[in-house]
$ cat my_file.txt   # compact mmCIF, C-alpha atoms
# COMPACT_ATOMS: atom_id res chain seq x y z
CA MET A 1 0.00 0.00 0.00
CA GLU A 2 1.20 3.49 -0.87
CA GLU A 3 2.56 5.53 2.02
CA TRP A 4 1.98 9.24 2.47
CA ARG A 5 3.60 11.44 5.05
CA PHE A 6 1.78 12.37 8.26
CA ILE A 7 2.85 15.19 10.58
CA ASP A 8 1.32 16.41 13.85
CA PHE A 9 2.77 19.87 14.43
CA GLY A 10 1.17 20.12 17.90
CA LEU A 11 0.62 23.50 19.58
CA VAL A 12 2.05 26.16 17.27
CA ASP A 13 2.38 29.87 16.69
CA ILE A 14 0.08 30.46 13.76
CA ARG A 15 2.66 32.55 11.85
CA ASP A 16 5.18 29.71 11.99
CA MET A 17 2.44 27.27 11.02
CA MET A 18 1.40 29.25 7.95
CA ALA A 19 5.05 29.34 6.87
CA MET A 20 5.30 25.55 7.26
CA ASP A 21 1.96 25.15 5.49
CA GLU A 22 3.23 27.03 2.43
CA ALA A 23 6.57 25.21 2.61
CA VAL A 24 4.86 21.80 2.45
CA LEU A 25 2.90 22.94 -0.62
CA LYS A 26 5.98 24.32 -2.35
CA GLY A 27 8.35 21.62 -1.14
CA ASP A 28 9.09 18.31 -2.79
CA GLU A 29 8.09 15.66 -0.27
CA GLY A 30 4.85 14.63 -1.96
CA ASN A 31 1.38 14.04 -0.57
CA THR A 32 1.07 14.92 3.10
CA PHE A 33 -1.65 15.04 5.75
CA PHE A 34 -1.04 17.11 8.86
CA PHE A 35 -2.60 18.43 12.06
CA TRP A 36 -1.86 21.45 14.17
CA THR A 37 -3.33 23.19 17.20
CA PRO A 38 -3.19 26.99 17.05
CA LYS A 39 -2.62 29.23 20.05
CA LYS A 40 -5.08 32.10 20.48
CA SER A 41 -5.12 33.50 16.97
CA ILE A 42 -6.89 34.89 13.94
CA ILE A 43 -6.05 33.94 10.36
CA LEU A 44 -7.35 36.26 7.66
CA GLY A 45 -8.26 34.93 4.24
CA PHE A 46 -6.08 36.14 1.36
CA PHE A 47 -8.58 38.79 0.23
CA GLN A 48 -9.75 40.08 3.60
CA LYS A 49 -8.82 43.37 5.23
CA ALA A 50 -8.00 43.26 8.93
CA GLU A 51 -9.49 46.66 9.81
CA VAL A 52 -12.70 45.83 7.94
CA GLU A 53 -13.27 42.40 9.49
CA LEU A 54 -11.94 42.93 13.01
CA ASN A 55 -12.33 45.24 15.97
CA LEU A 56 -8.56 45.55 16.19
CA ALA A 57 -8.55 47.27 19.59
CA ARG A 58 -10.09 44.08 21.02
CA CYS A 59 -7.67 41.73 19.26
CA LYS A 60 -4.54 42.81 21.11
CA ASP A 61 -3.94 39.46 22.79
CA TYR A 62 -4.48 37.54 19.54
CA THR A 63 -1.78 36.61 17.07
CA ILE A 64 -3.02 37.72 13.66
CA THR A 65 -1.72 36.57 10.31
CA ARG A 66 -2.96 35.98 6.78
CA ARG A 67 -2.96 32.78 4.73
CA ILE A 68 -2.30 32.28 1.02
CA SER A 69 -5.80 30.90 0.35
CA GLY A 70 -9.07 32.81 0.13
CA GLY A 71 -12.14 32.45 2.33
CA GLY A 72 -13.03 33.87 5.72
CA ILE A 73 -11.45 34.35 9.12
CA ALA A 74 -10.25 31.32 11.06
CA PHE A 75 -10.57 32.23 14.71
CA SER A 76 -9.09 30.19 17.58
CA ASP A 77 -9.91 31.05 21.16
CA ASP A 78 -7.87 29.85 24.12
CA ARG A 79 -10.07 26.80 24.69
CA CYS A 80 -8.10 25.27 21.79
CA ARG A 81 -10.88 22.76 21.04
CA GLN A 82 -10.50 22.85 17.28
CA ILE A 83 -8.84 20.29 15.08
CA ASN A 84 -6.93 21.99 12.30
CA TYR A 85 -5.70 19.96 9.40
CA GLY A 86 -3.83 20.42 6.16
CA VAL A 87 -3.58 18.31 3.03
CA VAL A 88 -1.06 18.70 0.24
CA GLY A 89 -1.78 16.55 -2.78
CA THR A 90 -0.86 16.24 -6.42
CA ILE A 91 -3.89 16.98 -8.58
CA ASP A 92 -4.60 13.85 -10.61
CA ASN A 93 -8.38 13.78 -11.20
CA ASP A 94 -8.72 10.57 -9.25
CA LEU A 95 -7.73 11.25 -5.65
CA PHE A 96 -7.51 15.03 -5.92
CA PRO A 97 -9.78 16.19 -8.77
CA LEU A 98 -8.94 19.16 -10.97
CA ASP A 99 -12.46 20.49 -10.49
CA ILE A 100 -12.24 22.77 -7.44
CA ILE A 101 -15.57 21.89 -5.84
CA GLU A 102 -15.04 18.15 -6.49
CA SER A 103 -11.66 18.33 -4.77
CA TYR A 104 -13.17 20.11 -1.76
CA LYS A 105 -15.81 17.40 -1.63
CA GLN A 106 -13.23 14.65 -1.72
CA ILE A 107 -11.12 16.03 1.13
CA CYS A 108 -14.13 17.16 3.17
CA GLY A 109 -15.25 13.54 2.91
CA VAL A 110 -12.66 12.72 5.58
CA LEU A 111 -14.45 15.04 8.01
CA ILE A 112 -17.88 13.75 6.98
CA ASP A 113 -16.79 10.12 7.51
CA THR A 114 -15.44 11.12 10.95
CA LEU A 115 -18.69 12.82 11.95
CA ILE A 116 -20.76 9.90 10.66
CA HIS A 117 -18.60 7.66 12.86
CA TYR A 118 -20.01 9.65 15.80
CA GLY A 119 -23.54 9.08 14.51
CA LEU A 120 -24.04 12.59 13.16
CA ASN A 121 -25.93 13.60 10.03
CA ALA A 122 -22.95 15.17 8.26
CA ALA A 123 -22.87 16.36 4.66
CA PHE A 124 -20.86 18.43 2.21
CA ARG A 125 -22.30 21.85 1.43
CA PRO A 126 -20.68 23.40 -1.63
CA ILE A 127 -18.48 25.21 -2.03
CA ASN A 128 -16.34 24.41 0.98
CA ASP A 129 -18.33 23.62 4.12
CA VAL A 130 -19.18 20.53 6.10
CA VAL A 131 -22.53 20.72 7.86
CA VAL A 132 -24.39 18.70 10.49
CA ASP A 133 -28.15 19.06 10.06
CA ASN A 134 -27.38 22.06 7.83
CA LYS A 135 -25.31 23.82 10.52
CA LYS A 136 -21.68 24.51 9.60
CA ILE A 137 -19.21 22.50 11.70
CA SER A 138 -16.14 22.83 9.51
CA GLY A 139 -14.74 25.54 7.25
CA ASN A 140 -12.15 24.74 4.59
CA ALA A 141 -9.90 26.75 2.30
CA GLN A 142 -7.92 25.65 -0.70
CA THR A 143 -5.20 27.05 -2.90
CA ARG A 144 -3.30 25.57 -5.79
CA TRP A 145 0.28 25.79 -6.93
CA GLU A 146 2.03 24.08 -9.85
CA GLY A 147 -0.23 21.05 -10.12
CA LYS A 148 -0.64 20.62 -6.40
CA LEU A 149 -3.34 21.64 -3.96
CA LEU A 150 -3.19 22.74 -0.36
CA GLN A 151 -6.34 22.49 1.69
CA ASN A 152 -6.59 23.75 5.25
CA GLY A 153 -9.60 23.33 7.43
CA THR A 154 -10.92 23.19 10.91
CA LEU A 155 -13.29 20.87 12.75
CA LEU A 156 -14.98 22.63 15.65
CA LEU A 157 -15.21 20.66 18.89
CA ASP A 158 -16.14 23.79 20.81
CA PHE A 159 -16.65 27.40 19.79
CA ASP A 160 -17.00 30.67 21.69
CA ILE A 161 -19.55 32.65 19.68
CA GLU A 162 -19.59 35.63 22.04
CA GLU A 163 -15.83 36.00 21.85
CA MET A 164 -15.88 35.68 18.06
CA LEU A 165 -18.50 38.45 17.84
CA ARG A 166 -16.63 40.57 20.39
CA ILE A 167 -13.54 40.75 18.21
CA SER A 168 -15.49 41.10 14.95
CA ASN A 169 -16.20 44.47 13.45
CA ILE A 170 -19.94 44.52 14.06
CA PRO A 171 -21.31 48.02 14.44
CA ARG A 172 -24.51 47.51 16.42
CA GLU A 173 -23.74 45.82 19.68
CA LYS A 174 -27.17 46.38 21.12
CA PHE A 175 -28.40 43.55 18.94
CA MET A 176 -25.78 41.20 20.37
CA ASP A 177 -28.31 38.69 21.79
CA LYS A 178 -30.05 38.45 18.43
CA LYS A 179 -26.69 38.07 16.69
CA ILE A 180 -25.60 35.25 19.04
CA ALA A 181 -28.89 33.45 18.42
CA SER A 182 -28.48 33.73 14.65
CA VAL A 183 -24.90 32.41 14.73
CA ARG A 184 -26.10 29.51 16.92
CA GLU A 185 -28.63 28.69 14.19
CA GLY A 186 -26.00 28.49 11.46
CA LEU A 187 -22.99 27.05 13.25
CA THR A 188 -22.39 24.04 15.45
CA TRP A 189 -19.60 22.04 17.07
CA LEU A 190 -18.97 18.47 18.10
CA ASP A 191 -19.34 18.88 21.88
CA ARG A 192 -22.73 20.47 21.39
CA GLU A 193 -23.91 17.83 18.91
CA LEU A 194 -22.81 14.94 21.12
CA GLY A 195 -23.75 16.53 24.43
CA GLU A 196 -20.35 15.57 25.83
CA GLN A 197 -16.65 16.29 25.31
CA ARG A 198 -14.65 13.80 23.29
CA ASP A 199 -10.92 13.47 23.68
CA MET A 200 -9.23 15.46 20.91
CA ASP A 201 -6.61 12.79 20.32
CA GLU A 202 -9.39 10.26 19.82
CA VAL A 203 -11.11 12.47 17.23
CA ARG A 204 -7.80 13.09 15.46
CA SER A 205 -6.99 9.37 15.33
CA ILE A 206 -10.41 8.64 13.79
CA MET A 207 -9.87 11.41 11.23
CA LYS A 208 -6.49 9.92 10.40
CA ARG A 209 -8.01 6.47 9.92
CA LYS A 210 -10.84 7.86 7.76
CA PHE A 211 -8.22 9.67 5.66
CA GLU A 212 -6.34 6.40 5.10
CA GLU A 213 -9.54 4.60 4.15
CA ARG A 214 -10.71 7.32 1.77
CA PHE A 215 -7.41 7.66 -0.06
CA HIS A 216 -6.39 3.99 0.22
CA VAL A 217 -3.01 4.88 1.69
CA ARG A 218 -1.05 4.31 4.86
CA LEU A 219 -0.02 7.47 6.72
CA LYS A 220 3.56 7.29 7.87
CA PRO A 221 4.71 9.70 10.61
CA GLY A 222 7.39 12.07 9.37
CA ASN A 223 8.81 15.56 9.63
CA LEU A 224 9.66 18.47 7.39
CA ASN A 225 12.68 17.70 5.24
CA ARG A 226 15.69 19.99 4.97
CA LYS A 227 14.43 21.86 1.95
CA GLU A 228 11.04 22.47 3.58
CA LYS A 229 12.73 23.70 6.75
CA GLU A 230 14.81 26.16 4.74
CA LEU A 231 11.73 27.25 2.84
CA THR A 232 9.88 27.72 6.14
CA GLU A 233 12.61 29.99 7.47
CA SER A 234 12.56 32.07 4.30
CA LEU A 235 8.74 32.37 4.43
CA LYS A 236 8.43 33.25 8.13
CA PRO A 237 9.23 36.98 7.78
CA LYS A 238 6.20 37.37 5.48
CA TYR A 239 3.77 35.88 7.99
CA TYR A 240 5.20 38.09 10.77
CA SER A 241 5.14 41.31 8.71
CA PRO A 242 2.49 44.05 9.09
CA GLU A 243 2.71 44.62 5.31
CA TRP A 244 1.29 41.13 4.71
CA VAL A 245 -1.17 41.05 7.61
CA TYR A 246 -2.57 44.58 7.49
CA ARG A 247 -2.31 45.30 3.78
CA MET B 1 -2.46 51.53 1.10
CA MET B 2 -5.86 52.99 0.31
CA ASP B 3 -7.53 55.23 2.89
CA LEU B 4 -10.80 53.35 3.30
CA SER B 5 -12.54 56.19 5.16
CA LYS B 6 -12.64 58.31 1.99
CA THR B 7 -14.08 55.63 -0.25
CA LYS B 8 -17.52 54.27 -0.94
CA GLN B 9 -18.12 50.68 0.03
CA GLY B 10 -20.23 48.20 -1.91
CA ILE B 11 -21.15 44.79 -0.53
CA HIS B 12 -22.47 41.94 -2.60
CA LYS B 13 -22.88 38.31 -1.58
CA SER B 14 -22.09 35.75 -4.24
CA ARG B 15 -22.51 32.01 -3.80
CA GLY B 16 -18.75 31.80 -3.23
CA GLY B 17 -18.59 34.52 -0.58
CA LEU B 18 -18.94 38.16 0.32
CA ILE B 19 -17.33 40.76 -1.95
CA ARG B 20 -16.55 44.18 -0.46
CA SER B 21 -15.44 46.84 -2.91
CA PHE B 22 -13.93 50.14 -1.86
CA VAL B 23 -14.00 52.66 -4.68
CA THR B 24 -13.15 56.30 -5.29
CA ILE B 25 -14.29 57.93 -8.52
CA GLU B 26 -13.53 61.22 -10.21
CA ASN B 27 -15.56 62.51 -13.16
CA GLY B 28 -17.01 59.07 -13.90
CA ILE B 29 -13.57 57.42 -13.88
CA ILE B 30 -12.39 54.96 -11.25
CA LYS B 31 -9.51 56.56 -9.42
CA ASP B 32 -8.77 53.88 -6.87
CA ILE B 33 -10.25 50.51 -6.00
CA THR B 34 -9.70 47.71 -3.50
CA ILE B 35 -11.59 44.44 -3.69
CA SER B 36 -11.77 42.43 -0.48
CA GLY B 37 -13.88 39.69 1.03
CA ASP B 38 -14.11 36.01 1.90
CA PHE B 39 -14.51 34.63 -1.63
CA PHE B 40 -12.07 32.26 -3.37
CA LEU B 41 -10.13 33.09 -6.51
CA PHE B 42 -7.18 31.32 -8.18
CA PRO B 43 -4.50 32.40 -8.75
CA GLU B 44 -4.95 34.69 -5.73
CA GLU B 45 -2.50 37.38 -6.88
CA ALA B 46 -4.64 37.95 -9.99
CA ILE B 47 -7.06 39.99 -7.84
CA PHE B 48 -4.50 42.81 -8.01
CA LYS B 49 -4.57 42.59 -11.81
CA VAL B 50 -8.36 42.88 -11.68
CA SER B 51 -8.28 46.11 -9.66
CA GLU B 52 -5.23 47.49 -11.53
CA ARG B 53 -7.08 47.20 -14.83
CA LEU B 54 -10.12 49.02 -13.44
CA LYS B 55 -8.12 52.06 -12.35
CA GLY B 56 -8.68 54.79 -14.92
CA ALA B 57 -11.58 52.90 -16.48
CA PRO B 58 -15.12 54.28 -16.89
CA ALA B 59 -17.32 53.58 -13.88
CA ASN B 60 -20.27 52.01 -15.64
CA ARG B 61 -21.63 48.50 -15.38
CA GLU B 62 -20.93 47.43 -18.95
CA LYS B 63 -17.31 48.62 -19.04
CA LEU B 64 -16.60 47.26 -15.57
CA GLN B 65 -17.81 43.80 -16.46
CA LYS B 66 -15.95 43.79 -19.77
CA ASN B 67 -12.69 44.78 -18.07
CA ILE B 68 -13.08 42.15 -15.36
CA GLU B 69 -13.93 39.44 -17.90
CA GLU B 70 -10.84 40.39 -19.90
CA THR B 71 -8.62 39.99 -16.81
CA TYR B 72 -10.29 36.61 -16.12
CA ARG B 73 -9.27 35.45 -19.60
CA ARG B 74 -5.74 36.83 -19.48
CA GLU B 75 -4.94 35.53 -16.00
CA LYS B 76 -6.90 32.28 -16.39
CA ILE B 77 -8.85 33.09 -13.23
CA GLN B 78 -11.09 30.52 -11.58
CA SER B 79 -13.40 31.59 -8.76
CA PRO B 80 -15.86 28.92 -7.62
CA GLY B 81 -19.26 30.44 -6.86
CA THR B 82 -18.17 33.95 -7.84
CA SER B 83 -18.17 35.47 -11.34
CA PRO B 84 -17.21 38.74 -13.04
CA VAL B 85 -20.90 39.68 -12.77
CA ASP B 86 -20.66 39.40 -8.97
CA PHE B 87 -17.57 41.63 -8.79
CA THR B 88 -19.31 44.13 -11.08
CA GLU B 89 -22.39 44.08 -8.85
CA SER B 90 -20.29 44.78 -5.75
CA ILE B 91 -18.54 47.73 -7.43
CA MET B 92 -21.84 49.10 -8.75
CA LYS B 93 -23.26 49.01 -5.23
CA ALA B 94 -20.30 51.11 -4.09
CA LEU B 95 -20.89 53.60 -6.91
CA GLU B 96 -24.61 53.82 -6.27
CA GLY B 97 -24.27 53.82 -2.47
$ encode --input "my_file.txt" --output "structure tokens"
Amino acid sequence: MEEWRFIDFGLVDIRDMMAMDEAVLKGDEGNTFFFWTPKKSIILGFFQKAEVELNLARCKDYTITRRISGGGIAFSDDRCRQINYGVVGTIDNDLFPLDIIESYKQICGVLIDTLIHYGLNAAFRPINDVVVDNKKISGNAQTRWEGKLLQNGTLLLDFDIEEMLRISNIPREKFMDKKIASVREGLTWLDRELGEQRDMDEVRSIMKRKFEERFHVRLKPGNLNRKEKELTESLKPKYYSPEWVYR
Amino acid sequence: MMDLSKTKQGIHKSRGGLIRSFVTIENGIIKDITISGDFFLFPEEAIFKVSERLKGAPANREKLQKNIEETYRREKIQSPGTSPVDFTESIMKALEG
């Protein structure tokens, strides 16, 4: 059986992680599946503007950076109950389809299979969401580079809606209760769906197994190679720079 | 960087995400423009080509859409759930707003 690389980056500074993320895409090690756990942070989508999306005065204790893919803000509070994953794959129309939505669907299938394992009614909602009973439980973002794709995503185990709204640039705070209720309608998380907390390592190991089953591969633990490490170092200044984050 | 306080903002929701356009015009000509939002577009850097081409162009729906479509062709842009019509709509909302 074919072996692909697996990396668990553990608890990371999001700026370092985004540099490693890009380095894996632009490196030469081949197909890779990886996890990471972000510290308190906000990742802007490629096209977003920090001062438009965020109440920056309230974000002072957050690490903010920007990723190379589009989509919306990825917000991590200090509860850290989010599973963040990345996939780098060579586009081949079979495992990783050329069609963008089809390729989202294929990779999101790993999350759907995981949620179904827990007895939940999970489905893909184009373009890039995974939903449980039509409530979003996972957001995903993809970019492409020289015949390869990079997909990042998050599976929510817990989520602090009030904190998310507090740091967002929402003008009318007097409607906060209404706003919270409407987010609760559209968004959900695993702890809420199951009515209990699952061990994060357990959820990650099921995701890993579902990945292996879906792609018919064995995931072999590994690390960044020398070239990727060099690439990471050369990319880090970008993810730390105000020119990139606040452009 | 563009001073966003002096511009008009237009917001349009496409199937692929929210498009926020910040536009300044002078005598019917687009002087400056920034396109932001949570949509997806490949290759990402091509968004700067889209706005670059619109600077100095007439601020009407037909010309806007034509210019954006031309950049799509030249840069081989793909944007799932978002089209040149959506970007045009967002910019028009800024102009009308």
$ closest_residue --input "my_file.txt" --among "B:Leu41, B:Val85, B:Leu64, B:Ile33" --to "Arg20 (chain B)" --atoms "only C-alpha atoms"
B:Ile33
$ interface_residues --input "my_file.txt" --of "chain A" --to "chain B" --cutoff "9 Å" --atoms "all atoms listed in the file" --output "list in words"
Leu44, Gly45, Phe46, Phe47, Gln48, Lys49, Glu53, Ile68, Ser69, Gly70, Gly71, Gly72, Ile73, Ile100, Ile101, Pro126, Ile127, Asn128, Ala141, Gln142, Thr143, Arg144, Trp145 and Arg247 of chain A
$ atom_distance --input "my_file.txt" --atom1 "CA of Lys178 (chain A)" --atom2 "CA of Lys135 (chain A)"
17.3 Å
$ atom_distance --input "my_file.txt" --atom1 "CA of Phe9 (chain A)" --atom2 "CA of Trp36 (chain A)"
4.9 Å
$ residues_around --input "my_file.txt" --residues "Gly139 (chain A)" --least-positions-apart "4" --cutoff "8 Å" --atoms "only C-alpha atoms" --output "PyMOL selection string"
chain A and resi 128-130+153-155
$ residues_around --input "my_file.txt" --residues "Ala122 (chain A)" --least-positions-apart "4" --cutoff "10 Å" --atoms "only C-alpha atoms" --output "list in words"
Gly109, Leu111, Ile112, Asp113, Thr114, Leu115, Ile116, His117, Tyr118, Val130, Val131, Val132, Asp133, Asn134, Lys135, Lys136 and Ile137 of chain A
$ write_last_selection --input "my_file.txt" --atoms "C-alpha atoms" --output "mmCIF file, in the coordinates of the input"
data_model
loop_
_atom_site.group_PDB
_atom_site.id
_atom_site.type_symbol
_atom_site.label_atom_id
_atom_site.label_comp_id
_atom_site.auth_asym_id
_atom_site.auth_seq_id
_atom_site.Cartn_x
_atom_site.Cartn_y
_atom_site.Cartn_z
ATOM 1 C CA GLY A 109 -15.250 13.540 2.910
ATOM 2 C CA LEU A 111 -14.450 15.040 8.010
ATOM 3 C CA ILE A 112 -17.880 13.750 6.980
ATOM 4 C CA ASP A 113 -16.790 10.120 7.510
ATOM 5 C CA THR A 114 -15.440 11.120 10.950
ATOM 6 C CA LEU A 115 -18.690 12.820 11.950
ATOM 7 C CA ILE A 116 -20.760 9.900 10.660
ATOM 8 C CA HIS A 117 -18.600 7.660 12.860
ATOM 9 C CA TYR A 118 -20.010 9.650 15.800
ATOM 10 C CA VAL A 130 -19.180 20.530 6.100
ATOM 11 C CA VAL A 131 -22.530 20.720 7.860
ATOM 12 C CA VAL A 132 -24.390 18.700 10.490
ATOM 13 C CA ASP A 133 -28.150 19.060 10.060
ATOM 14 C CA ASN A 134 -27.380 22.060 7.830
ATOM 15 C CA LYS A 135 -25.310 23.820 10.520
ATOM 16 C CA LYS A 136 -21.680 24.510 9.600
ATOM 17 C CA ILE A 137 -19.210 22.500 11.700
#
$ closest_residue --input "my_file.txt" --among "B:Ile30, B:Glu89, B:Ser21, B:Gly97" --to "Ala59 (chain B)" --atoms "all atoms listed in the file"
B:Ile30
$ atom_distance --input "my_file.txt" --atom1 "CA of Arg67 (chain A)" --atom2 "CA of Ile11 (chain B)"
22.4 Å
$ residues_around --input "my_file.txt" --residues "region 196-199 of chain A" --least-positions-apart "2" --cutoff "12 Å" --atoms "all atoms listed in the file" --output "PDB file with C-alpha atoms, in the coordinates of the input"
ATOM      1  CA  ARG A  81     -10.880  22.760  21.040  1.00  0.00           C
ATOM      2  CA  GLN A  82     -10.500  22.850  17.280  1.00  0.00           C
ATOM      3  CA  ILE A  83      -8.840  20.290  15.080  1.00  0.00           C
ATOM      4  CA  TYR A 118     -20.010   9.650  15.800  1.00  0.00           C
ATOM      5  CA  LEU A 156     -14.980  22.630  15.650  1.00  0.00           C
ATOM      6  CA  LEU A 157     -15.210  20.660  18.890  1.00  0.00           C
ATOM      7  CA  ASP A 158     -16.140  23.790  20.810  1.00  0.00           C
ATOM      8  CA  TRP A 189     -19.600  22.040  17.070  1.00  0.00           C
ATOM      9  CA  LEU A 190     -18.970  18.470  18.100  1.00  0.00           C
ATOM     10  CA  ASP A 191     -19.340  18.880  21.880  1.00  0.00           C
ATOM     11  CA  ARG A 192     -22.730  20.470  21.390  1.00  0.00           C
ATOM     12  CA  GLU A 193     -23.910  17.830  18.910  1.00  0.00           C
ATOM     13  CA  LEU A 194     -22.810  14.940  21.120  1.00  0.00           C
ATOM     14  CA  ASP A 201      -6.610  12.790  20.320  1.00  0.00           C
ATOM     15  CA  GLU A 202      -9.390  10.260  19.820  1.00  0.00           C
ATOM     16  CA  VAL A 203     -11.110  12.470  17.230  1.00  0.00           C
ATOM     17  CA  ARG A 204      -7.800  13.090  15.460  1.00  0.00           C
ATOM     18  CA  SER A 205      -6.990   9.370  15.330  1.00  0.00           C
ATOM     19  CA  ILE A 206     -10.410   8.640  13.790  1.00  0.00           C
TER      20      ILE A 206
END
$ residues_around --input "my_file.txt" --residues "Tyr246 (chain A)" --least-positions-apart "3" --cutoff "9 Å" --atoms "only C-alpha atoms" --output "mmCIF file with C-alpha atoms, in the frame of the given file"
data_model
loop_
_atom_site.group_PDB
_atom_site.id
_atom_site.type_symbol
_atom_site.label_atom_id
_atom_site.label_comp_id
_atom_site.auth_asym_id
_atom_site.auth_seq_id
_atom_site.Cartn_x
_atom_site.Cartn_y
_atom_site.Cartn_z
ATOM 1 C CA LYS A 49 -8.820 43.370 5.230
ATOM 2 C CA ALA A 50 -8.000 43.260 8.930
ATOM 3 C CA GLU A 51 -9.490 46.660 9.810
ATOM 4 C CA THR A 65 -1.720 36.570 10.310
ATOM 5 C CA ARG A 66 -2.960 35.980 6.780
ATOM 6 C CA SER A 241 5.140 41.310 8.710
ATOM 7 C CA PRO A 242 2.490 44.050 9.090
ATOM 8 C CA GLU A 243 2.710 44.620 5.310
#
$ residues_around --input "my_file.txt" --residues "Met92 (chain B)" --least-positions-apart "5" --cutoff "8 Å" --atoms "all atoms listed in the file" --output "PyMOL selection string"
chain B and resi 10+60-61
$ residues_near_point --input "my_file.txt" --point "(0.4, 26.4, 8.8)" --cutoff "10 Å" --atoms "only C-alpha atoms" --output "number ranges by chain"
A: 9, 12-24, 34-38, 67, 84-86, 152, 232
$ build_atoms --input "my_file.txt" --residues "region 45-59 of chain B" --atoms "N, CA, C and O atoms" --output "PDB file, keeping the file's coordinate frame"
ATOM      1  N   GLU B  45      -3.140  36.088  -6.555  1.00  0.00           N
ATOM      2  CA  GLU B  45      -2.500  37.380  -6.880  1.00  0.00           C
ATOM      3  C   GLU B  45      -3.212  38.090  -8.031  1.00  0.00           C
ATOM      4  O   GLU B  45      -3.061  39.309  -8.193  1.00  0.00           O
ATOM      5  N   ALA B  46      -3.962  37.350  -8.835  1.00  0.00           N
ATOM      6  CA  ALA B  46      -4.640  37.950  -9.990  1.00  0.00           C
ATOM      7  C   ALA B  46      -5.676  38.986  -9.574  1.00  0.00           C
ATOM      8  O   ALA B  46      -6.087  39.818 -10.383  1.00  0.00           O
ATOM      9  N   ILE B  47      -6.089  38.975  -8.306  1.00  0.00           N
ATOM     10  CA  ILE B  47      -7.060  39.990  -7.840  1.00  0.00           C
ATOM     11  C   ILE B  47      -6.469  41.393  -8.006  1.00  0.00           C
ATOM     12  O   ILE B  47      -7.184  42.345  -8.292  1.00  0.00           O
ATOM     13  N   PHE B  48      -5.135  41.495  -7.861  1.00  0.00           N
ATOM     14  CA  PHE B  48      -4.500  42.810  -8.010  1.00  0.00           C
ATOM     15  C   PHE B  48      -4.520  43.254  -9.476  1.00  0.00           C
ATOM     16  O   PHE B  48      -4.597  44.435  -9.768  1.00  0.00           O
ATOM     17  N   LYS B  49      -4.463  42.280 -10.377  1.00  0.00           N
ATOM     18  CA  LYS B  49      -4.570  42.590 -11.810  1.00  0.00           C
ATOM     19  C   LYS B  49      -5.986  43.074 -12.130  1.00  0.00           C
ATOM     20  O   LYS B  49      -6.167  43.967 -12.951  1.00  0.00           O
ATOM     21  N   VAL B  50      -6.972  42.471 -11.467  1.00  0.00           N
ATOM     22  CA  VAL B  50      -8.360  42.880 -11.680  1.00  0.00           C
ATOM     23  C   VAL B  50      -8.524  44.352 -11.301  1.00  0.00           C
ATOM     24  O   VAL B  50      -9.022  45.158 -12.091  1.00  0.00           O
ATOM     25  N   SER B  51      -8.064  44.717 -10.090  1.00  0.00           N
ATOM     26  CA  SER B  51      -8.280  46.110  -9.660  1.00  0.00           C
ATOM     27  C   SER B  51      -7.376  47.074 -10.422  1.00  0.00           C
ATOM     28  O   SER B  51      -7.785  48.195 -10.734  1.00  0.00           O
ATOM     29  N   GLU B  52      -6.160  46.641 -10.760  1.00  0.00           N
ATOM     30  CA  GLU B  52      -5.230  47.490 -11.530  1.00  0.00           C
ATOM     31  C   GLU B  52      -5.851  47.899 -12.858  1.00  0.00           C
ATOM     32  O   GLU B  52      -5.778  49.052 -13.263  1.00  0.00           O
ATOM     33  N   ARG B  53      -6.490  46.929 -13.533  1.00  0.00           N
ATOM     34  CA  ARG B  53      -7.080  47.200 -14.830  1.00  0.00           C
ATOM     35  C   ARG B  53      -8.269  48.161 -14.740  1.00  0.00           C
ATOM     36  O   ARG B  53      -8.590  48.874 -15.699  1.00  0.00           O
ATOM     37  N   LEU B  54      -8.930  48.171 -13.586  1.00  0.00           N
ATOM     38  CA  LEU B  54     -10.120  49.020 -13.440  1.00  0.00           C
ATOM     39  C   LEU B  54      -9.757  50.470 -13.130  1.00  0.00           C
ATOM     40  O   LEU B  54     -10.567  51.373 -13.330  1.00  0.00           O
ATOM     41  N   LYS B  55      -8.526  50.686 -12.643  1.00  0.00           N
ATOM     42  CA  LYS B  55      -8.120  52.060 -12.350  1.00  0.00           C
ATOM     43  C   LYS B  55      -7.995  52.856 -13.645  1.00  0.00           C
ATOM     44  O   LYS B  55      -7.299  52.438 -14.561  1.00  0.00           O
ATOM     45  N   GLY B  56      -8.692  53.980 -13.699  1.00  0.00           N
ATOM     46  CA  GLY B  56      -8.680  54.790 -14.920  1.00  0.00           C
ATOM     47  C   GLY B  56      -9.760  54.397 -15.906  1.00  0.00           C
ATOM     48  O   GLY B  56      -9.893  54.998 -16.965  1.00  0.00           O
ATOM     49  N   ALA B  57     -10.520  53.372 -15.567  1.00  0.00           N
ATOM     50  CA  ALA B  57     -11.580  52.900 -16.480  1.00  0.00           C
ATOM     51  C   ALA B  57     -12.909  53.559 -16.128  1.00  0.00           C
ATOM     52  O   ALA B  57     -13.129  53.987 -14.994  1.00  0.00           O
ATOM     53  N   PRO B  58     -13.804  53.664 -17.140  1.00  0.00           N
ATOM     54  CA  PRO B  58     -15.120  54.280 -16.890  1.00  0.00           C
ATOM     55  C   PRO B  58     -15.911  53.480 -15.856  1.00  0.00           C
ATOM     56  O   PRO B  58     -15.902  52.254 -15.877  1.00  0.00           O
ATOM     57  N   ALA B  59     -16.582  54.227 -14.959  1.00  0.00           N
ATOM     58  CA  ALA B  59     -17.320  53.580 -13.880  1.00  0.00           C
ATOM     59  C   ALA B  59     -18.746  53.279 -14.288  1.00  0.00           C
ATOM     60  O   ALA B  59     -19.697  53.791 -13.714  1.00  0.00           O
TER      61      ALA B  59
END
